[in-house]
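Novice: First the structure, which I've put down as structure tokens, then a few questions once you've had a look.
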Amino acid sequence: MTERSFSKFIKAELLKVTDRTKEEMQAEIVTAFLCAGRPGADKEQLPLFFVTSSSAYAERLVGQLRMIGLDGLAEKDIQGTRTSWHIYPLPSGGGTFEDLLRIFQTDGQLDAVTSSQQMRRASLRGAFLAAGTMSDPVKAYQIEIAVRDPQTADYLTLLLHSENIEPSIIRRGGHPILYFKEGQYIADFLALIGAHSSLLRFESVRVDKELRNSVNRVVNCDTANAKRQAEACARQTELLETLLASEISAQIPKELMEAARVRVDNPGMSIRDLGLMMTPPIGKSGMNHRLQKLEEIAGDAGLP
């Protein structure tokens with residue numbers, strides 16, 4: 001699964017999540033507009049319309065506008081092979097979407113959102129639907145949310161901090177990008193925005209990767225140990241060959257001489273198996289003791 005298709009999988013799941021209250025709908029749609037909405041022709045700072053290539057998301061936005069007491073117009077725009085929908089919030093019953101945006105930018109409303117778990121999660125769901133992407137977890141762990149301005153970045157950072165998620169911020173194309181790479185942050189984020197099937201898929205990949213990494217660490221450790229053992233065996237065998245060929249070999253006790261010859265004649269054999277070849281057979285610790293004693297004799301004699 002590619003990064004684009006994994007992000008689409010998450011968003012398709014989120015489009016099935018239903019906000020339970022009017023306040024949650026307001027939080028989701030306002031955050032979506034703050035993240036990725038576009039200003040009017042006079043370049044006002046407030047985002048007055050939204051563009052999406054997803055007909056399902058366009059339908060959700062219009063439906064939410066109507067559920068919160070406003071109205072919405074969806075205009076279809078075809079440019080070659082690309083089709084997009086422009087969503088325009090329209091006033092209804094005396095209120096306007098611009099008024100709602102301004103309310104959400106006040107300290108009082110910000111406190112209300114951050115203190116309500118349902119509104120926080122609805123807001124973050126709207127942020128991901130509007131401007132979020134997730135990397136294919138087989139390749140990398142990363143969620144990004146691209147936003148319009150630093151104020152919105154600060155707003156989302158506060159919401160994420162309330163959920164114990166610590167995002168980082170970079171700038172790309174002149175806009176802030178919030179991102180986090182830690183596997184646990186990603187799992188927590190998918191759970192809180194309601195992407196439970198996506199969470200299960202992510203966790204499956206995560207467990208598989210961690211298992212493979214664990215196996216690789218064990219294999220690498222075993223390989224390194226085997227390499228060290230082989231190098232130690234080769235060094236010891238070379239030292240004992242020199243010792244056996246030296247004049248001091250006549251002074252070495254018989255049982256140590258036998259141990260030296262067994263080691264030299266069987267360079268790749270384990271200490272335990274070497275002990276079994278002795279007459280009479282001895283245990284691993286006894287064989288290891290004799291070999292260490294031979295190394296001490298060679299060292300005292302100044303042999304290389």
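How things are named: the first chain in the structure tokens is A, the next is B, and so on; residues count from 1 in each chain; ligands count from 1 in the order shown.
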Can you tell me, as a PyMOL selection string, what residues are no more than 12 Å from segment 228-236 of chain A when counting only C-alpha atoms, ignoring any on the same chain fewer than 5 positions away?

Specialist: chain A and resi 221-223+241-243+260-261+263-271+288+291-296+298-299+303-304

Novice: Using C-alpha atoms, can you write the selected residues to a file as a PDB file, in the first residue's frame?

Specialist:
```pdb
ATOM      1  CA  CYS A 221      24.266 -10.646  17.888  1.00  0.00           C
ATOM      2  CA  ASP A 222      24.737 -14.377  17.252  1.00  0.00           C
ATOM      3  CA  THR A 223      26.824 -13.610  14.177  1.00  0.00           C
ATOM      4  CA  GLU A 241      50.922 -24.640  17.953  1.00  0.00           C
ATOM      5  CA  THR A 242      53.788 -22.306  18.797  1.00  0.00           C
ATOM      6  CA  LEU A 243      53.871 -23.619  22.363  1.00  0.00           C
ATOM      7  CA  ALA A 260      46.944 -28.561  23.669  1.00  0.00           C
ATOM      8  CA  ARG A 261      47.095 -31.319  21.015  1.00  0.00           C
ATOM      9  CA  ARG A 263      42.758 -28.132  20.640  1.00  0.00           C
ATOM     10  CA  VAL A 264      45.257 -27.863  17.767  1.00  0.00           C
ATOM     11  CA  ASP A 265      43.902 -30.951  16.009  1.00  0.00           C
ATOM     12  CA  ASN A 266      40.270 -29.779  16.297  1.00  0.00           C
ATOM     13  CA  PRO A 267      40.311 -25.977  15.817  1.00  0.00           C
ATOM     14  CA  GLY A 268      36.572 -25.588  15.134  1.00  0.00           C
ATOM     15  CA  MET A 269      35.261 -27.764  17.929  1.00  0.00           C
ATOM     16  CA  SER A 270      33.497 -26.396  21.018  1.00  0.00           C
ATOM     17  CA  ILE A 271      35.177 -26.480  24.450  1.00  0.00           C
ATOM     18  CA  ASN A 288      38.555 -24.431  29.614  1.00  0.00           C
ATOM     19  CA  LEU A 291      43.442 -24.195  27.910  1.00  0.00           C
ATOM     20  CA  GLN A 292      43.679 -21.021  29.997  1.00  0.00           C
ATOM     21  CA  LYS A 293      46.598 -22.550  31.917  1.00  0.00           C
ATOM     22  CA  LEU A 294      48.358 -23.271  28.612  1.00  0.00           C
ATOM     23  CA  GLU A 295      47.849 -19.649  27.533  1.00  0.00           C
ATOM     24  CA  GLU A 296      49.392 -18.491  30.832  1.00  0.00           C
ATOM     25  CA  ALA A 298      52.842 -19.366  26.750  1.00  0.00           C
ATOM     26  CA  GLY A 299      52.528 -15.816  28.054  1.00  0.00           C
ATOM     27  CA  LEU A 303      55.555 -16.526  23.117  1.00  0.00           C
ATOM     28  CA  PRO A 304      53.549 -14.398  20.625  1.00  0.00           C
TER      29      PRO A 304
END
```

Novice: Enter the distance from atom CA of Gly69 of chain A to atom CA of Pro91 of chain A, in Å, rounded to one decimal.

Specialist: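 Calculated distance between atom CA of Gly69 of chain A and atom CA of Pro91 of chain A is 8.5 Å.
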
Novice: Which residues are near segment 57-68 of chain A? Cut-off 7 Å, only C-alpha atoms, ignore same chain within fewer than 6 positions. Put them as a JSON list (two decimals) with C-alpha atoms, in the first residue's frame.

Specialist:
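Result written to around-v4.json:
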```
[["chain", "number", "residue", "atom", "x", "y", "z"],
["A", 15, "LEU", "CA", -15.97, 9.79, 6.46],
["A", 22, "LYS", "CA", -23.70, 20.15, 16.95],
["A", 25, "MET", "CA", -19.70, 19.16, 13.93],
["A", 26, "GLN", "CA", -18.73, 22.80, 14.37],
["A", 29, "ILE", "CA", -15.71, 21.66, 9.98],
["A", 74, "ALA", "CA", -21.04, 22.51, -3.74],
["A", 85, "TRP", "CA", -15.72, 20.35, -5.68],
["A", 87, "ILE", "CA", -17.68, 24.13, -1.07],
["A", 89, "PRO", "CA", -20.71, 28.06, 3.29]]
```

Novice: Using only C-alpha atoms, what does the table of segment 138-236 of chain A residues within 12 Å of segment 111-120 of chain A look like, with each row giving the shortest atom pair and its distance in Å to one decimal, sorted by chain and ascending number, as CSV?

Specialist:
```
residue,atom,partner,partner_atom,distance
A:Tyr155,CA,A:Thr114,CA,9.3
A:Leu156,CA,A:Arg120,CA,9.2
A:Thr157,CA,A:Thr114,CA,10.7
A:Leu158,CA,A:Thr114,CA,7.5
A:Leu159,CA,A:Thr114,CA,5.9
A:Leu160,CA,A:Arg120,CA,8.4
A:His161,CA,A:Thr114,CA,9.5
A:Ser162,CA,A:Thr114,CA,6.9
A:Glu163,CA,A:Arg120,CA,8.5
A:Phe189,CA,A:Arg120,CA,11.4
A:Leu192,CA,A:Arg120,CA,9.1
A:Ile193,CA,A:Arg120,CA,9.1
A:Gly194,CA,A:Gln118,CA,11.0
```

Novice: Could you write those residues out with N, CA and C atoms, as a PDB file, in the first residue's frame?

Specialist:
```pdb
ATOM      1  N   TYR A 155      -2.795  26.118  17.261  1.00  0.00           N
ATOM      2  CA  TYR A 155      -4.083  25.579  17.705  1.00  0.00           C
ATOM      3  C   TYR A 155      -4.055  24.043  17.716  1.00  0.00           C
ATOM      4  N   LEU A 156      -3.573  23.433  16.604  1.00  0.00           N
ATOM      5  CA  LEU A 156      -3.494  21.972  16.532  1.00  0.00           C
ATOM      6  C   LEU A 156      -2.476  21.416  17.520  1.00  0.00           C
ATOM      7  N   THR A 157      -1.385  22.138  17.714  1.00  0.00           N
ATOM      8  CA  THR A 157      -0.370  21.688  18.673  1.00  0.00           C
ATOM      9  C   THR A 157      -0.962  21.608  20.069  1.00  0.00           C
ATOM     10  N   LEU A 158      -1.764  22.594  20.416  1.00  0.00           N
ATOM     11  CA  LEU A 158      -2.413  22.600  21.727  1.00  0.00           C
ATOM     12  C   LEU A 158      -3.366  21.415  21.868  1.00  0.00           C
ATOM     13  N   LEU A 159      -4.128  21.123  20.813  1.00  0.00           N
ATOM     14  CA  LEU A 159      -5.047  19.988  20.846  1.00  0.00           C
ATOM     15  C   LEU A 159      -4.283  18.677  20.995  1.00  0.00           C
ATOM     16  N   LEU A 160      -3.178  18.540  20.253  1.00  0.00           N
ATOM     17  CA  LEU A 160      -2.379  17.303  20.321  1.00  0.00           C
ATOM     18  C   LEU A 160      -1.717  17.150  21.684  1.00  0.00           C
ATOM     19  N   HIS A 161      -1.235  18.257  22.232  1.00  0.00           N
ATOM     20  CA  HIS A 161      -0.643  18.198  23.569  1.00  0.00           C
ATOM     21  C   HIS A 161      -1.674  17.721  24.596  1.00  0.00           C
ATOM     22  N   SER A 162      -2.929  18.114  24.417  1.00  0.00           N
ATOM     23  CA  SER A 162      -3.984  17.680  25.334  1.00  0.00           C
ATOM     24  C   SER A 162      -4.218  16.178  25.252  1.00  0.00           C
ATOM     25  N   GLU A 163      -3.802  15.559  24.128  1.00  0.00           N
ATOM     26  CA  GLU A 163      -3.921  14.109  23.951  1.00  0.00           C
ATOM     27  C   GLU A 163      -2.573  13.412  24.150  1.00  0.00           C
ATOM     28  N   PHE A 189      -3.117   8.609  17.845  1.00  0.00           N
ATOM     29  CA  PHE A 189      -3.824   9.564  16.989  1.00  0.00           C
ATOM     30  C   PHE A 189      -4.918   8.864  16.190  1.00  0.00           C
ATOM     31  N   LEU A 192      -7.850   8.071  18.477  1.00  0.00           N
ATOM     32  CA  LEU A 192      -8.660   9.186  18.981  1.00  0.00           C
ATOM     33  C   LEU A 192      -9.504   9.837  17.885  1.00  0.00           C
ATOM     34  N   ILE A 193      -9.072   9.778  16.615  1.00  0.00           N
ATOM     35  CA  ILE A 193      -9.898  10.378  15.564  1.00  0.00           C
ATOM     36  C   ILE A 193     -10.935   9.395  15.031  1.00  0.00           C
ATOM     37  N   GLY A 194     -10.895   8.144  15.517  1.00  0.00           N
ATOM     38  CA  GLY A 194     -11.919   7.174  15.136  1.00  0.00           C
ATOM     39  C   GLY A 194     -11.546   6.266  13.986  1.00  0.00           C
TER      40      GLY A 194
END
```

Novice: Using the chain letters and numbers from this document, which residues of segment 83-179 of chain A does DSSP assign to alpha helix (DSSP H), as a ChimeraX atom specification?

Specialist: /A:97-104,107-115,117-131,150-162

Novice: Would you pick out the contacts of His196 of chain A at 10 Å or less, using only C-alpha atoms, so that residues sharing its chain but fewer than 3 positions from it are not included, and give the list as a list of chain:residue names?

Specialist: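 After dropping sequence-adjacent residues, the list is A:Ile10, A:Glu13, A:Leu14, A:Ala187, A:Leu190, A:Ala191, A:Leu192, A:Ile193, A:Leu199, A:Leu200, A:Arg201, A:Phe202.
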
Novice: Name the residues in contact with segment 208-218 of chain A at a cut-off of 12 Å, using only C-alpha atoms, excluding same-chain residues fewer than 2 positions from it; report them as a PyMOL selection string.

Specialist: chain A and resi 137-141+183+201-206+220-225

Novice: Could those residues be written to a file, using C-alpha atoms, as a PDB file, in the first residue's frame?

Specialist:
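File written: result_6.pdb
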```pdb
ATOM      1  CA  PRO A 137       3.913   2.205   7.605  1.00  0.00           C
ATOM      2  CA  VAL A 138       5.779  -0.596   5.842  1.00  0.00           C
ATOM      3  CA  LYS A 139       8.261   2.064   4.713  1.00  0.00           C
ATOM      4  CA  ALA A 140       8.126   4.668   7.489  1.00  0.00           C
ATOM      5  CA  TYR A 141       6.069   5.915  10.415  1.00  0.00           C
ATOM      6  CA  GLY A 183       4.770   4.656  16.505  1.00  0.00           C
ATOM      7  CA  ARG A 201      -3.751  -2.342  10.020  1.00  0.00           C
ATOM      8  CA  PHE A 202      -1.009  -0.069  11.333  1.00  0.00           C
ATOM      9  CA  GLU A 203      -0.503  -2.187  14.460  1.00  0.00           C
ATOM     10  CA  SER A 204      -0.257  -5.330  12.333  1.00  0.00           C
ATOM     11  CA  VAL A 205       2.538  -3.774  10.294  1.00  0.00           C
ATOM     12  CA  ARG A 206       4.145  -2.383  13.430  1.00  0.00           C
ATOM     13  CA  ASN A 220      23.362 -10.019  14.261  1.00  0.00           C
ATOM     14  CA  CYS A 221      24.266 -10.646  17.888  1.00  0.00           C
ATOM     15  CA  ASP A 222      24.737 -14.377  17.252  1.00  0.00           C
ATOM     16  CA  THR A 223      26.824 -13.610  14.177  1.00  0.00           C
ATOM     17  CA  ALA A 224      29.009 -11.201  16.123  1.00  0.00           C
ATOM     18  CA  ASN A 225      29.431 -13.741  18.935  1.00  0.00           C
TER      19      ASN A 225
END
```

Novice: Nearest to Pro47 of chain A among A:Thr31, A:Thr279, A:Ser123, A:Ser197, with distances taken over only C-alpha atoms: which residue is it?

Specialist: A:Thr31

Novice: What does the distance from atom CA of Asp19 of chain A to atom CA of Leu124 of chain A come to in Å, to one decimal?

Specialist: 12.4 Å

Novice: Kindly indicate which residue among A:His175, A:Lys181, A:Lys8, A:Lys227 lies nearest to Glu144 of chain A, using only C-alpha atoms for the distances.

Specialist: A:Lys181

Novice: Using only C-alpha atoms, determine which residues lie at most 12 Å from His86 of chain A, disregarding the query and same-chain residues fewer than 4 positions distant; provide the list as a PDB file with N, CA and C atoms, in the first residue's frame.

Specialist:
```
ATOM      1  N   GLY A  37      -8.841  25.692   4.216  1.00  0.00           N
ATOM      2  CA  GLY A  37      -9.771  26.542   3.492  1.00  0.00           C
ATOM      3  C   GLY A  37      -9.056  27.634   2.718  1.00  0.00           C
ATOM      4  N   ARG A  38      -9.774  28.254   1.800  1.00  0.00           N
ATOM      5  CA  ARG A  38      -9.173  29.283   0.942  1.00  0.00           C
ATOM      6  C   ARG A  38      -9.902  30.614   1.109  1.00  0.00           C
ATOM      7  N   LEU A  48     -12.943  31.257   3.169  1.00  0.00           N
ATOM      8  CA  LEU A  48     -14.356  31.378   2.841  1.00  0.00           C
ATOM      9  C   LEU A  48     -14.889  30.235   1.988  1.00  0.00           C
ATOM     10  N   PHE A  49     -14.004  29.410   1.402  1.00  0.00           N
ATOM     11  CA  PHE A  49     -14.480  28.235   0.672  1.00  0.00           C
ATOM     12  C   PHE A  49     -13.439  27.128   0.762  1.00  0.00           C
ATOM     13  N   PHE A  50     -13.846  25.932   0.371  1.00  0.00           N
ATOM     14  CA  PHE A  50     -12.999  24.756   0.521  1.00  0.00           C
ATOM     15  C   PHE A  50     -13.007  23.985  -0.791  1.00  0.00           C
ATOM     16  N   VAL A  51     -11.847  23.445  -1.168  1.00  0.00           N
ATOM     17  CA  VAL A  51     -11.738  22.671  -2.405  1.00  0.00           C
ATOM     18  C   VAL A  51     -11.301  21.254  -2.061  1.00  0.00           C
ATOM     19  N   THR A  52     -12.020  20.281  -2.592  1.00  0.00           N
ATOM     20  CA  THR A  52     -11.658  18.880  -2.376  1.00  0.00           C
ATOM     21  C   THR A  52     -11.890  18.072  -3.642  1.00  0.00           C
ATOM     22  N   SER A  53     -11.080  17.044  -3.831  1.00  0.00           N
ATOM     23  CA  SER A  53     -11.263  16.144  -4.972  1.00  0.00           C
ATOM     24  C   SER A  53     -12.174  14.977  -4.619  1.00  0.00           C
ATOM     25  N   SER A  54     -12.615  14.925  -3.371  1.00  0.00           N
ATOM     26  CA  SER A  54     -13.458  13.814  -2.907  1.00  0.00           C
ATOM     27  C   SER A  54     -14.924  14.226  -2.876  1.00  0.00           C
ATOM     28  N   SER A  55     -15.729  13.565  -3.679  1.00  0.00           N
ATOM     29  CA  SER A  55     -17.157  13.878  -3.679  1.00  0.00           C
ATOM     30  C   SER A  55     -17.792  13.501  -2.336  1.00  0.00           C
ATOM     31  N   TYR A  57     -16.326  13.640   0.612  1.00  0.00           N
ATOM     32  CA  TYR A  57     -15.992  14.653   1.607  1.00  0.00           C
ATOM     33  C   TYR A  57     -16.779  15.933   1.342  1.00  0.00           C
ATOM     34  N   ALA A  58     -16.965  16.269   0.070  1.00  0.00           N
ATOM     35  CA  ALA A  58     -17.782  17.438  -0.257  1.00  0.00           C
ATOM     36  C   ALA A  58     -19.194  17.270   0.298  1.00  0.00           C
ATOM     37  N   GLU A  59     -19.752  16.074   0.157  1.00  0.00           N
ATOM     38  CA  GLU A  59     -21.093  15.797   0.674  1.00  0.00           C
ATOM     39  C   GLU A  59     -21.110  15.915   2.198  1.00  0.00           C
ATOM     40  N   LEU A  61     -19.097  17.809   4.086  1.00  0.00           N
ATOM     41  CA  LEU A  61     -18.981  19.213   4.469  1.00  0.00           C
ATOM     42  C   LEU A  61     -20.316  19.950   4.327  1.00  0.00           C
ATOM     43  N   VAL A  62     -20.993  19.736   3.207  1.00  0.00           N
ATOM     44  CA  VAL A  62     -22.287  20.395   2.996  1.00  0.00           C
ATOM     45  C   VAL A  62     -23.295  19.925   4.038  1.00  0.00           C
ATOM     46  N   GLY A  72     -24.903  25.176   2.566  1.00  0.00           N
ATOM     47  CA  GLY A  72     -23.673  24.983   1.813  1.00  0.00           C
ATOM     48  C   GLY A  72     -23.944  24.751   0.346  1.00  0.00           C
ATOM     49  N   LEU A  73     -23.071  25.292  -0.493  1.00  0.00           N
ATOM     50  CA  LEU A  73     -23.171  25.111  -1.934  1.00  0.00           C
ATOM     51  C   LEU A  73     -21.936  24.353  -2.410  1.00  0.00           C
ATOM     52  N   ALA A  74     -22.151  23.279  -3.171  1.00  0.00           N
ATOM     53  CA  ALA A  74     -21.042  22.507  -3.738  1.00  0.00           C
ATOM     54  C   ALA A  74     -21.044  22.672  -5.244  1.00  0.00           C
ATOM     55  N   GLU A  75     -19.994  23.292  -5.773  1.00  0.00           N
ATOM     56  CA  GLU A  75     -19.864  23.485  -7.219  1.00  0.00           C
ATOM     57  C   GLU A  75     -18.826  22.525  -7.775  1.00  0.00           C
ATOM     58  N   LYS A  76     -19.209  21.799  -8.810  1.00  0.00           N
ATOM     59  CA  LYS A  76     -18.309  20.831  -9.435  1.00  0.00           C
ATOM     60  C   LYS A  76     -17.440  21.549 -10.468  1.00  0.00           C
ATOM     61  N   ASP A  77     -16.134  21.284 -10.416  1.00  0.00           N
ATOM     62  CA  ASP A  77     -15.197  21.940 -11.324  1.00  0.00           C
ATOM     63  C   ASP A  77     -14.383  20.866 -12.038  1.00  0.00           C
ATOM     64  N   ILE A  78     -14.475  20.843 -13.360  1.00  0.00           N
ATOM     65  CA  ILE A  78     -13.751  19.846 -14.155  1.00  0.00           C
ATOM     66  C   ILE A  78     -12.649  20.549 -14.937  1.00  0.00           C
TER      67      ILE A  78
END
```

Novice: Excluding Ile143 of chain A and its own-chain neighbours fewer than 6 positions away, which residues fall within 7 Å of it when counting only C-alpha atoms? Please give them as an MDAnalysis selection string.

Specialist: chainID A and resid 133:135 179:181 186

Novice: Print the selection's residues with N, CA and C atoms to a file, as an mmCIF file, in the first residue's frame.

Specialist:
```
data_model
loop_
_atom_site.group_PDB
_atom_site.id
_atom_site.type_symbol
_atom_site.label_atom_id
_atom_site.label_comp_id
_atom_site.auth_asym_id
_atom_site.auth_seq_id
_atom_site.Cartn_x
_atom_site.Cartn_y
_atom_site.Cartn_z
ATOM 1 N N THR A 133 -1.885 13.538 5.928
ATOM 2 C CA THR A 133 -1.375 12.394 5.167
ATOM 3 C C THR A 133 -0.644 11.478 6.142
ATOM 4 N N MET A 134 -0.604 10.193 5.795
ATOM 5 C CA MET A 134 0.166 9.236 6.575
ATOM 6 C C MET A 134 1.004 8.398 5.637
ATOM 7 N N SER A 135 2.279 8.225 5.968
ATOM 8 C CA SER A 135 3.166 7.404 5.170
ATOM 9 C C SER A 135 2.740 5.950 5.242
ATOM 10 N N TYR A 179 4.047 17.329 12.217
ATOM 11 C CA TYR A 179 4.289 15.913 11.947
ATOM 12 C C TYR A 179 4.740 15.211 13.222
ATOM 13 N N PHE A 180 4.530 13.910 13.258
ATOM 14 C CA PHE A 180 5.085 13.071 14.328
ATOM 15 C C PHE A 180 5.369 11.691 13.750
ATOM 16 N N LYS A 181 6.447 11.080 14.257
ATOM 17 C CA LYS A 181 6.950 9.829 13.693
ATOM 18 C C LYS A 181 6.897 8.652 14.661
ATOM 19 N N ILE A 186 1.367 7.746 16.649
ATOM 20 C CA ILE A 186 0.523 7.466 15.483
ATOM 21 C C ILE A 186 -0.640 6.568 15.880
#
```

Novice: So how far away is atom CA of Leu70 of chain A from atom CA of Ala36 of chain A, in Å?

Specialist: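 Separating atom CA of Ala36 of chain A from atom CA of Leu70 of chain A is a distance of 19.6 Å.
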